[in-house]
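What follows is one structure encoded as C-alpha cells, with my remarks underneath.
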Amino acid sequence: MRKVRKTWVPSLWASWKPFGLGEAHPNAYSEIGRAARENRDQLSYAWRILNHGVCDGCALGTKGIRDWTIEGVHLCAVRLRLLRLNTQPAFDPGILDDVDALKSKTSAQLRELGRLPCPFIRRKGEKGFKRASWDEALETIAGRIGSTEPARTGYYLTSRGIGNETYYAAQKAVRAMGTNSVDNAARVCHSPSTIALKQTVGAAATTCSYKDWIGTDLIVFIGSNVANNQPVAMKYLYYAKKAGTQVAVVNTYREPGMDRYWVPSNLESALFGTRITDRFFLVHTGGDIPFFDGVLKHMIERGLIDRAFIEQHTVGFPALEAELARRSWSELEHLSGSSRGEMEALGEMIGGAKKAVFVWSMGVTQHAFGEDNVRAIVNLALTRGFVGREGCGLMPIRGHSGVQGGAEMGAYASVFPGGVPVGPQAARDLSRLWGFEVPSEPGLTAPAMIDAAHQGKLEVLFSVGGNFLEVLPEPAYVQKALEGIRLRVHMDIVLSSQMLVDGETVVLLPATTRYEVRGGITETTTERRVVFSPEIPGPRVAEARPEWEVLLDLAKRVRPALAGLLHFENTAAIRAEIARAVPFYGGIQDLAKEGDQFQYGGAHLCADWKFPTADGKAHFSTVSLPNADLPAGAFWMSTRRGKQFNSMVQEPSDALTGAERESVLMSGEDADRLELKPGDKVLLRSDLGSMECRVQIAPIRPGNLQTHWPESGALIDRQRRSPQSGIPDYNAVVRVEKLP
Ligand code: SF4
C-alpha cells in the first residue's frame with residue numbers, strides 16, 4: 001500500500017481561500033455551536049455519549065470519537081444533529097389529547113416535542129391518545145395478536161440506533177408468535193447487494209476494510225455520496241489522496257461534496273480543502289449496467305484483464321465475454337448516457353490499477369434491476385482479482401448504524417439468523433436450537449406488508465421506529481393502508497407522522513435509546529466490525545423500555561407456553577445465544593465493555609481468493625441490459641437525501657449543493673432548451689403524481705433530474721421493485737411543465 005505523505009500537498013488543495021471562505025460547504029464549527037446550544041440542559045450527558053458511546057448515525061462505526069481506521073478525531077454533523085434525540089426530556093402527555101392539532105406539524109417539529117413519556121392508546125373515534133400502563137398496552141396488543149392469524153400480522157424494525165441484540169430478540173419473538181413477517185430497514189437499503197454478493201463471491205457483506213481505501217491505487221464510487229451520508233469517510237479519502245490513491249465517481253450528478261471537501265478536524269484540509277475526485281463519469285439514472293459493460297468491453301479488447309486469475313478462480317467469464325462482444329458501442333452509449341471515450345477512460349483507470357476498491361450505495365441498489373447493477377460491479381472487480389487481498393474489495397457502504405446487523409440477526413422476512421434463507425430445513429434447524437416450531441415459509445417484506453394492508457390482509461402492524469409514510473413510495477397509498485390496519489403499534493423514542501394516522505386501535509410505546517439499554521448493546525459496522533456500545537449513565541425517561549425486552553414480553557403473553565424459551569436475563573445473554581445461532585458472530589459473547597470489538601471474517605473476506613461459494617470460485621454474471629427507452633421530452637428523475645439522516649430531514653437546505661428541499665436539479669443544457677432559469681417554478685409530473693419544484697442548475701447528465709426524498713415520494717411507482725429483494729425503485733420518468 002502507498003504511504004500517506006506527512007507534509008502538506010498544495011496540489012491537492014481545493015482552494016487557496018482560507019477555510020474555503022465564500023465556497024459552498026458545511027460549516028462544522030457552527031454545527032458544534034448548534035449542538036452545544038441544543039443540548040445545553042444536558043451538556044455533560046451529551047459529552048459522555050459522544051466520548052463513550054458508539055455513534056448511532058451511519059455504519060462507519062466509532063468508539064467514542066475515535067475509530068479503527070485513522071488517528072485523530074472521528075465526529076461529524078450527522079452525529080451532532082442526532083445528539084438531541086438522545087438527551088431531550090419527555091413531552092407532556094397532554095400534547096396527545098388532540099391528534100388533529102399535531103397533524104400539521106412536520107416530522108422535525110414532532111421530534112422536537114420531546115421523548116415519548118409513556119404508553120398511549122387511541123381507539124377509533126377518539127380525539128387523542130390516552131395514557132396507558134405498560135400492562136394495559138401489552139394486554140391490548142397481545143389480545144389482538146392472539147386472536148389474529150399469524151399470517152395477517154407484520155413487524156418492522158428501523159435501523160436508527162438499534163442494536164444486534166434487539167434485532168435478534170425481536171425476530172425470535174416474532175417467529176415464536178408464528179410468522180416470518182419481520183423486516184427491517186436493510187430491505188430498502190442493501191438487500192440487492194447481499195443477494196448479488198452472496199451469489200457471485202459467496203460473501204454477503206463488504207469484503208474489505210476502510211483501511212483498504214488509504215493507499216490503494218483506485219477507489220471507484222458508484223451511486224454513492226459519502227460526503228453527505230458518511231461524512232467522516234471524507235477524512236479517510238483525504239488520507240487516501242495523500243497516499244496517491246485515485247478516485248473515480250460514476251454517478252448521474254457531479255456531487256459537489258465528492259469533488260472538493262473541507263475536513264474540519266484536519267488543519268490542512270480545514271484550511272484549504274481537498275480535491276477528492278480525479279474523474280467523474282456522468283451516466284443516466286439506471287445507466288450503470290451498459291456503462292460498465294462498455295468499460296469491461298474495452299478492458300477485454302485492450303487486454304487489461306487478468307486472464308490467469310479469471311481462469312483459476314472464476315466461472316462464467318466466457319459467456320459474459322461472448323455477450324459483450326455482441327453488444328454494440330452505440331447501444332451501450334445510448335443506454336448509459338455516456339460515450340465510448342468515457343467508458344474507455346474508466347477502463348484504463350481500472351486496467352492500470354494493481355489494487356482497487358469499489359464502493360456503492362442506494363444509487364445502485366434502489367432500482368428495479370438493483371441486483372443486476374451489483375452483479376455488473378462485481379464483474380468489473382473480478383476481471384482483475386480486486387477482492388480478497390489488501391487494498392481491494394467490494395463495499396456496499398451502509399447508511400445507518402443498525403442496518404448491517406439487522407439482516408444478519410435474521411430480522412428479515414426472507415432469512416433466518418446468519419442470513420440463512422427461510423425454508424423447511426433451515427426452519428427445522430432453528431426449531432431445534434430454540435425449542436419451538438419455527439415457520440418455514442418466507443414472510444411479508446416491508447413493502448408487501450403495506451400491500452397486504454391495502455388489501456385488508458394485514459390486521460396487526462408492530463413498527464419499531466421507522467415511518468412508512470415517509471420511507472415508502474406513494475404516501476397516499478401508504479396512508480390508506482395504515483388506516484385499514486386494525487391494530488398498529490409504534491414503538492419509538494419520539495413522535496412520527498405515521499403515529500397520527502387514524503385507525504381502529506393505535507398503541508404508542510416509549511423506547512429507550514441505545515445509550516440507555518442496561519448491559520449495553522452491539523452494532524455491526526459496514527466493515528463487519530461488531531462493536532460494543534456501553535450503557536451511558538444519565539437522565540432517563542422513567543417509563544421507556546428497551547425494544548428487545550418488550551417484544552419478548554409480548555411474545556410470552558401471546559404464547560405463554562413458550563415463556564421459558566423466550567427469556568433472556570439481559571443483553572449479555574442475548575449475545576451468548578447469537579454466538580450459537582450465528583457462527584460467524586462467534587466472539588460477540590465476550591463483548592462487555594467500552595472499546596470491545598472484533599471484525600468478523602477478518603480484514604478481508606474471500607482472502608487468498610478462496611471464495612465461500614459451492615464450487616469455491618467467484619462467479620461472473622451475464623446481466624441483461626435494462627429496458628431504458630425514455631419517451632420523447634421526458635426525464636429520468638432520481639431521488640437524493642440532502643441534509644438528512646434516513647427520512648429524518650435535518651436542514652431545509654443542503655450546504656453541499658445549495659439546494660432547497662423543493663429544488664429540482666437540472667442541467668444547464670436542459671434548462672436552456674426549456675427556457676427555464678434558476679428559481680423558476682416547475683411542475684414535475686409522473687404517471688402517478690405531481691410535485692411543484694424550483695429549478696436549480698447543476699452539473700447533472702442532461703436528460704436527468706434529481707429531487708429530494710421523501711418530498712418526491714408521490715412521483716414514485718410503488719410497484720416497481722427489484723425482482724429478488726423487493727426493494728422499491730426510487731426513480732421515476734417525469735415530464736417538466738413550467739409554472740407561472
Ligand atoms: S461518519 Fe457516521 S459513524 Fe462517523 S460520526 Fe458521522 S454519522 Fe457517526
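Identifiers in this document derive from the order of the C-alpha cells: chains are assigned A, B, ..., residues are numbered from 1 separately in each chain, and ligands are numbered from 1 in order of occurrence.
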With only C-alpha atoms and all ligand atoms counted and 10 Å as the cut-off, give the residues of chain A in contact with ligand 1, each with its shortest interatomic distance in Å and the pair that gives it, as JSON lines.
{"residue": "A:Leu50", "atom": "CA", "partner": "ligand 1", "partner_atom_place_in_ligand_line": "5 (S)", "distance": 9.1}
{"residue": "A:Val54", "atom": "CA", "partner": "ligand 1", "partner_atom_place_in_ligand_line": "3 (S)", "distance": 7.8}
{"residue": "A:Cys55", "atom": "CA", "partner": "ligand 1", "partner_atom_place_in_ligand_line": "8 (Fe)", "distance": 4.6}
{"residue": "A:Asp56", "atom": "CA", "partner": "ligand 1", "partner_atom_place_in_ligand_line": "8 (Fe)", "distance": 6.3}
{"residue": "A:Gly57", "atom": "CA", "partner": "ligand 1", "partner_atom_place_in_ligand_line": "7 (S)", "distance": 3.8}
{"residue": "A:Cys58", "atom": "CA", "partner": "ligand 1", "partner_atom_place_in_ligand_line": "2 (Fe)", "distance": 3.8}
{"residue": "A:Ala59", "atom": "CA", "partner": "ligand 1", "partner_atom_place_in_ligand_line": "3 (S)", "distance": 5.5}
{"residue": "A:Leu60", "atom": "CA", "partner": "ligand 1", "partner_atom_place_in_ligand_line": "3 (S)", "distance": 4.3}
{"residue": "A:Gly61", "atom": "CA", "partner": "ligand 1", "partner_atom_place_in_ligand_line": "3 (S)", "distance": 4.4}
{"residue": "A:Thr62", "atom": "CA", "partner": "ligand 1", "partner_atom_place_in_ligand_line": "3 (S)", "distance": 5.7}
{"residue": "A:Lys63", "atom": "CA", "partner": "ligand 1", "partner_atom_place_in_ligand_line": "3 (S)", "distance": 9.3}
{"residue": "A:Gly64", "atom": "CA", "partner": "ligand 1", "partner_atom_place_in_ligand_line": "5 (S)", "distance": 9.1}
{"residue": "A:Ile65", "atom": "CA", "partner": "ligand 1", "partner_atom_place_in_ligand_line": "5 (S)", "distance": 7.4}
{"residue": "A:Arg66", "atom": "CA", "partner": "ligand 1", "partner_atom_place_in_ligand_line": "4 (Fe)", "distance": 8.9}
{"residue": "A:Asp67", "atom": "CA", "partner": "ligand 1", "partner_atom_place_in_ligand_line": "4 (Fe)", "distance": 8.5}
{"residue": "A:Val73", "atom": "CA", "partner": "ligand 1", "partner_atom_place_in_ligand_line": "5 (S)", "distance": 9.4}
{"residue": "A:His74", "atom": "CA", "partner": "ligand 1", "partner_atom_place_in_ligand_line": "5 (S)", "distance": 5.8}
{"residue": "A:Leu75", "atom": "CA", "partner": "ligand 1", "partner_atom_place_in_ligand_line": "5 (S)", "distance": 4.1}
{"residue": "A:Cys76", "atom": "CA", "partner": "ligand 1", "partner_atom_place_in_ligand_line": "6 (Fe)", "distance": 4.3}
{"residue": "A:Ala77", "atom": "CA", "partner": "ligand 1", "partner_atom_place_in_ligand_line": "6 (Fe)", "distance": 6.6}
{"residue": "A:Val78", "atom": "CA", "partner": "ligand 1", "partner_atom_place_in_ligand_line": "7 (S)", "distance": 5.0}
{"residue": "A:Arg79", "atom": "CA", "partner": "ligand 1", "partner_atom_place_in_ligand_line": "7 (S)", "distance": 4.8}
{"residue": "A:Leu80", "atom": "CA", "partner": "ligand 1", "partner_atom_place_in_ligand_line": "5 (S)", "distance": 8.0}
{"residue": "A:Arg81", "atom": "CA", "partner": "ligand 1", "partner_atom_place_in_ligand_line": "7 (S)", "distance": 9.3}
{"residue": "A:Leu82", "atom": "CA", "partner": "ligand 1", "partner_atom_place_in_ligand_line": "7 (S)", "distance": 8.7}
{"residue": "A:Val226", "atom": "CA", "partner": "ligand 1", "partner_atom_place_in_ligand_line": "1 (S)", "distance": 8.7}
{"residue": "A:Ala227", "atom": "CA", "partner": "ligand 1", "partner_atom_place_in_ligand_line": "1 (S)", "distance": 9.1}
{"residue": "A:Asn228", "atom": "CA", "partner": "ligand 1", "partner_atom_place_in_ligand_line": "1 (S)", "distance": 9.2}
{"residue": "A:Asn229", "atom": "CA", "partner": "ligand 1", "partner_atom_place_in_ligand_line": "2 (Fe)", "distance": 7.4}
{"residue": "A:Gln230", "atom": "CA", "partner": "ligand 1", "partner_atom_place_in_ligand_line": "1 (S)", "distance": 4.3}
{"residue": "A:Pro231", "atom": "CA", "partner": "ligand 1", "partner_atom_place_in_ligand_line": "1 (S)", "distance": 4.6}
{"residue": "A:Val232", "atom": "CA", "partner": "ligand 1", "partner_atom_place_in_ligand_line": "1 (S)", "distance": 4.1}
{"residue": "A:Ala233", "atom": "CA", "partner": "ligand 1", "partner_atom_place_in_ligand_line": "1 (S)", "distance": 6.3}
{"residue": "A:Met234", "atom": "CA", "partner": "ligand 1", "partner_atom_place_in_ligand_line": "1 (S)", "distance": 8.7}
{"residue": "A:Lys235", "atom": "CA", "partner": "ligand 1", "partner_atom_place_in_ligand_line": "1 (S)", "distance": 9.3}
{"residue": "A:Arg398", "atom": "CA", "partner": "ligand 1", "partner_atom_place_in_ligand_line": "2 (Fe)", "distance": 9.4}
{"residue": "A:Gly399", "atom": "CA", "partner": "ligand 1", "partner_atom_place_in_ligand_line": "2 (Fe)", "distance": 7.8}
{"residue": "A:His400", "atom": "CA", "partner": "ligand 1", "partner_atom_place_in_ligand_line": "2 (Fe)", "distance": 7.8}
{"residue": "A:Ser401", "atom": "CA", "partner": "ligand 1", "partner_atom_place_in_ligand_line": "3 (S)", "distance": 7.2}
{"residue": "A:Thr525", "atom": "CA", "partner": "ligand 1", "partner_atom_place_in_ligand_line": "3 (S)", "distance": 8.6}
{"residue": "A:Thr526", "atom": "CA", "partner": "ligand 1", "partner_atom_place_in_ligand_line": "3 (S)", "distance": 9.9}
{"residue": "A:Phe645", "atom": "CA", "partner": "ligand 1", "partner_atom_place_in_ligand_line": "7 (S)", "distance": 8.7}
If we count only C-alpha atoms, what is near stretch 442-447 of chain A at a cut-off of 9 Å, once residues fewer than 6 positions away on the same chain are taken out, given as a VMD selection string? chain A and resid 151 154 to 156 179 to 185 187 to 188 412 to 415 421 to 423 468 472 718 725 to 728
Generate a file of the selected residues that holds C-alpha atoms, formatted as a PDB file, in the first residue's frame.
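Final file, result-v5.pdb:
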ATOM      1  CA  ALA A 151     -50.066 -14.567   8.512  1.00  0.00           C
ATOM      2  CA  GLY A 154     -46.349  -7.897  10.390  1.00  0.00           C
ATOM      3  CA  TYR A 155     -43.380  -6.483  12.322  1.00  0.00           C
ATOM      4  CA  TYR A 156     -40.893  -3.892  11.153  1.00  0.00           C
ATOM      5  CA  THR A 179     -44.787 -15.761  11.409  1.00  0.00           C
ATOM      6  CA  ASN A 180     -41.679 -14.810   9.453  1.00  0.00           C
ATOM      7  CA  SER A 181     -43.177 -11.423   8.590  1.00  0.00           C
ATOM      8  CA  VAL A 182     -40.427  -9.418  10.264  1.00  0.00           C
ATOM      9  CA  ASP A 183     -38.437  -6.993   8.179  1.00  0.00           C
ATOM     10  CA  ASN A 184     -36.024  -4.165   8.763  1.00  0.00           C
ATOM     11  CA  ALA A 185     -34.587  -1.122   7.077  1.00  0.00           C
ATOM     12  CA  ARG A 187     -34.583  -4.192   2.900  1.00  0.00           C
ATOM     13  CA  VAL A 188     -34.817  -0.741   1.360  1.00  0.00           C
ATOM     14  CA  TYR A 412     -35.778 -10.260   7.797  1.00  0.00           C
ATOM     15  CA  ALA A 413     -38.787 -11.812   6.124  1.00  0.00           C
ATOM     16  CA  SER A 414     -36.644 -13.919   3.843  1.00  0.00           C
ATOM     17  CA  VAL A 415     -33.714 -15.027   6.021  1.00  0.00           C
ATOM     18  CA  PRO A 421     -32.660 -18.374   3.576  1.00  0.00           C
ATOM     19  CA  VAL A 422     -36.026 -19.211   5.110  1.00  0.00           C
ATOM     20  CA  GLY A 423     -37.020 -22.764   4.176  1.00  0.00           C
ATOM     21  CA  PHE A 468     -43.613   4.086   6.280  1.00  0.00           C
ATOM     22  CA  LEU A 472     -42.152   4.066   1.052  1.00  0.00           C
ATOM     23  CA  ARG A 718     -44.540   1.584  -5.552  1.00  0.00           C
ATOM     24  CA  SER A 725     -35.233  -8.453  -2.793  1.00  0.00           C
ATOM     25  CA  GLY A 726     -38.360  -6.421  -3.482  1.00  0.00           C
ATOM     26  CA  ILE A 727     -36.624  -3.095  -2.880  1.00  0.00           C
ATOM     27  CA  PRO A 728     -38.605  -0.152  -4.299  1.00  0.00           C
TER      28      PRO A 728
END
With only C-alpha atoms counted and 10 Å as the cut-off, give the residues of stretch 521-574 of chain A in contact with stretch 585-608 of chain A, each with its shortest interatomic distance in Å and the pair that gives it, as CSV.
residue,atom,partner,partner_atom,distance
A:Ile521,CA,A:Ala592,CA,8.9
A:Thr522,CA,A:Leu591,CA,8.1
A:Glu523,CA,A:Gln597,CA,9.6
A:Thr524,CA,A:Gln599,CA,8.7
A:Thr525,CA,A:Gln599,CA,8.9
A:Glu527,CA,A:Gln599,CA,7.4
A:Arg528,CA,A:Gln599,CA,5.4
A:Arg529,CA,A:Gln599,CA,4.0
A:Val530,CA,A:Gln597,CA,5.4
A:Val531,CA,A:Gln597,CA,4.4
A:Phe532,CA,A:Asp596,CA,5.6
A:Ser533,CA,A:Glu594,CA,6.1
A:Pro534,CA,A:Glu594,CA,5.7
A:Glu535,CA,A:Glu594,CA,9.2
A:Thr571,CA,A:Ala592,CA,9.7
A:Ala572,CA,A:Gln589,CA,6.8
A:Ala573,CA,A:Gln589,CA,8.0
A:Ile574,CA,A:Gln589,CA,8.3
Could you pull the residues within 9 Å of A:Leu324, counting only C-alpha atoms, minus those fewer than 6 positions along the same chain, as JSON, numbers by chain? {"A": [293, 294, 296, 297, 622]}
For A:Arg260, list every protein, DNA or RNA residue within 8 Å, evaluated using only C-alpha atoms, and leave out those in the same chain fewer than 3 positions away; present the list as a list in words.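 Within the cut-off, the hits are Ala14, Pro256, Gly257, Gly273, Thr274, Arg275, Ile276 and Thr277 of chain A.
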Identify all residues of stretch 306-386 of chain A in strand (DSSP E or B) (DSSP on the backbone) and supply them as an MDAnalysis selection string. chainID A and resid 314:315 356:360
Just the selected residues (all heavy atoms), exported as a tab-separated table (two decimals), in the first residue's frame, please.
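Output contents, as saved in out.tsv:
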chain	number	residue	atom	x	y	z
A	314	THR	N	-12.42	-18.24	-11.22
A	314	THR	CA	-13.79	-17.80	-11.52
A	314	THR	C	-14.45	-18.74	-12.52
A	314	THR	O	-13.78	-19.51	-13.20
A	314	THR	CB	-13.81	-16.37	-12.12
A	314	THR	OG1	-13.31	-16.43	-13.46
A	314	THR	CG2	-12.98	-15.40	-11.32
A	315	VAL	N	-15.77	-18.61	-12.62
A	315	VAL	CA	-16.52	-19.28	-13.69
A	315	VAL	C	-17.44	-18.22	-14.32
A	315	VAL	O	-17.73	-17.19	-13.71
A	315	VAL	CB	-17.37	-20.46	-13.17
A	315	VAL	CG1	-16.49	-21.58	-12.65
A	315	VAL	CG2	-18.34	-20.01	-12.09
A	356	ALA	N	-7.75	-2.10	-6.24
A	356	ALA	CA	-8.88	-1.17	-6.34
A	356	ALA	C	-10.00	-1.61	-5.42
A	356	ALA	O	-10.19	-2.80	-5.15
A	356	ALA	CB	-9.39	-1.10	-7.78
A	357	VAL	N	-10.74	-0.60	-4.93
A	357	VAL	CA	-11.91	-0.84	-4.08
A	357	VAL	C	-13.12	-0.25	-4.79
A	357	VAL	O	-13.04	0.87	-5.33
A	357	VAL	CB	-11.74	-0.17	-2.69
A	357	VAL	CG1	-12.98	-0.41	-1.83
A	357	VAL	CG2	-10.50	-0.70	-1.98
A	358	PHE	N	-14.23	-0.96	-4.79
A	358	PHE	CA	-15.47	-0.49	-5.40
A	358	PHE	C	-16.49	-0.25	-4.29
A	358	PHE	O	-16.78	-1.16	-3.51
A	358	PHE	CB	-16.00	-1.53	-6.39
A	358	PHE	CG	-15.09	-1.74	-7.58
A	358	PHE	CD1	-13.92	-2.49	-7.46
A	358	PHE	CD2	-15.38	-1.15	-8.80
A	358	PHE	CE1	-13.07	-2.65	-8.55
A	358	PHE	CE2	-14.53	-1.31	-9.89
A	358	PHE	CZ	-13.37	-2.06	-9.77
A	359	VAL	N	-17.01	0.98	-4.23
A	359	VAL	CA	-17.94	1.36	-3.16
A	359	VAL	C	-19.26	1.78	-3.82
A	359	VAL	O	-19.24	2.57	-4.77
A	359	VAL	CB	-17.39	2.57	-2.36
A	359	VAL	CG1	-18.32	2.91	-1.19
A	359	VAL	CG2	-15.98	2.29	-1.85
A	360	TRP	N	-20.39	1.28	-3.33
A	360	TRP	CA	-21.66	1.70	-3.91
A	360	TRP	C	-22.73	1.85	-2.84
A	360	TRP	O	-22.61	1.34	-1.73
A	360	TRP	CB	-22.11	0.74	-5.00
A	360	TRP	CG	-22.49	-0.63	-4.55
A	360	TRP	CD1	-23.73	-1.07	-4.19
A	360	TRP	CD2	-21.61	-1.77	-4.41
A	360	TRP	NE1	-23.67	-2.41	-3.85
A	360	TRP	CE2	-22.40	-2.86	-3.97
A	360	TRP	CE3	-20.24	-1.98	-4.61
A	360	TRP	CZ2	-21.86	-4.13	-3.73
A	360	TRP	CZ3	-19.71	-3.24	-4.38
A	360	TRP	CH2	-20.51	-4.29	-3.95
Using only C-alpha atoms: which of A:Pro560, A:Gly520, A:Pro150, A:Gly388 has the shortest distance to A:Val460: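 Nearest to A:Val460: A:Pro150.
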Straight-line distance linking atom CA of A:Arg326 with atom CA of A:Ser624, stated in Å to one decimal: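 Separation of atom CA of A:Arg326 and atom CA of A:Ser624: 12.3 Å.
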Counting only C-alpha atoms, what is within 7 Å of A:Phe91, bar same-chain residues fewer than 3 positions away, as a ChimeraX atom specification? /A:113-117
Tell me which protein, DNA and RNA residues are within 7 Å of A:Arg2, counting only C-alpha atoms, leaving out same-chain ones fewer than 6 positions away, and put them as a compact mmCIF listing (two decimals) with all heavy atoms, in the first residue's frame.
# COMPACT_ATOMS: atom_id res chain seq x y z
N GLY A 215 -4.26 4.34 0.44
CA GLY A 215 -3.05 3.82 -0.18
C GLY A 215 -3.29 2.79 -1.25
O GLY A 215 -2.34 2.27 -1.84
N THR A 216 -4.55 2.46 -1.53
CA THR A 216 -4.81 1.61 -2.68
C THR A 216 -4.59 2.45 -3.95
O THR A 216 -4.39 3.66 -3.88
CB THR A 216 -6.25 1.03 -2.64
OG1 THR A 216 -6.38 0.10 -3.71
CG2 THR A 216 -7.30 2.11 -2.78
N ALA A 243 -2.01 9.61 0.00
CA ALA A 243 -1.20 8.41 -0.27
C ALA A 243 -1.16 8.12 -1.78
O ALA A 243 -0.64 7.09 -2.19
CB ALA A 243 -1.78 7.22 0.49
N GLY A 244 -1.75 9.00 -2.56
CA GLY A 244 -1.68 8.82 -4.01
C GLY A 244 -2.79 8.00 -4.62
O GLY A 244 -2.74 7.62 -5.79
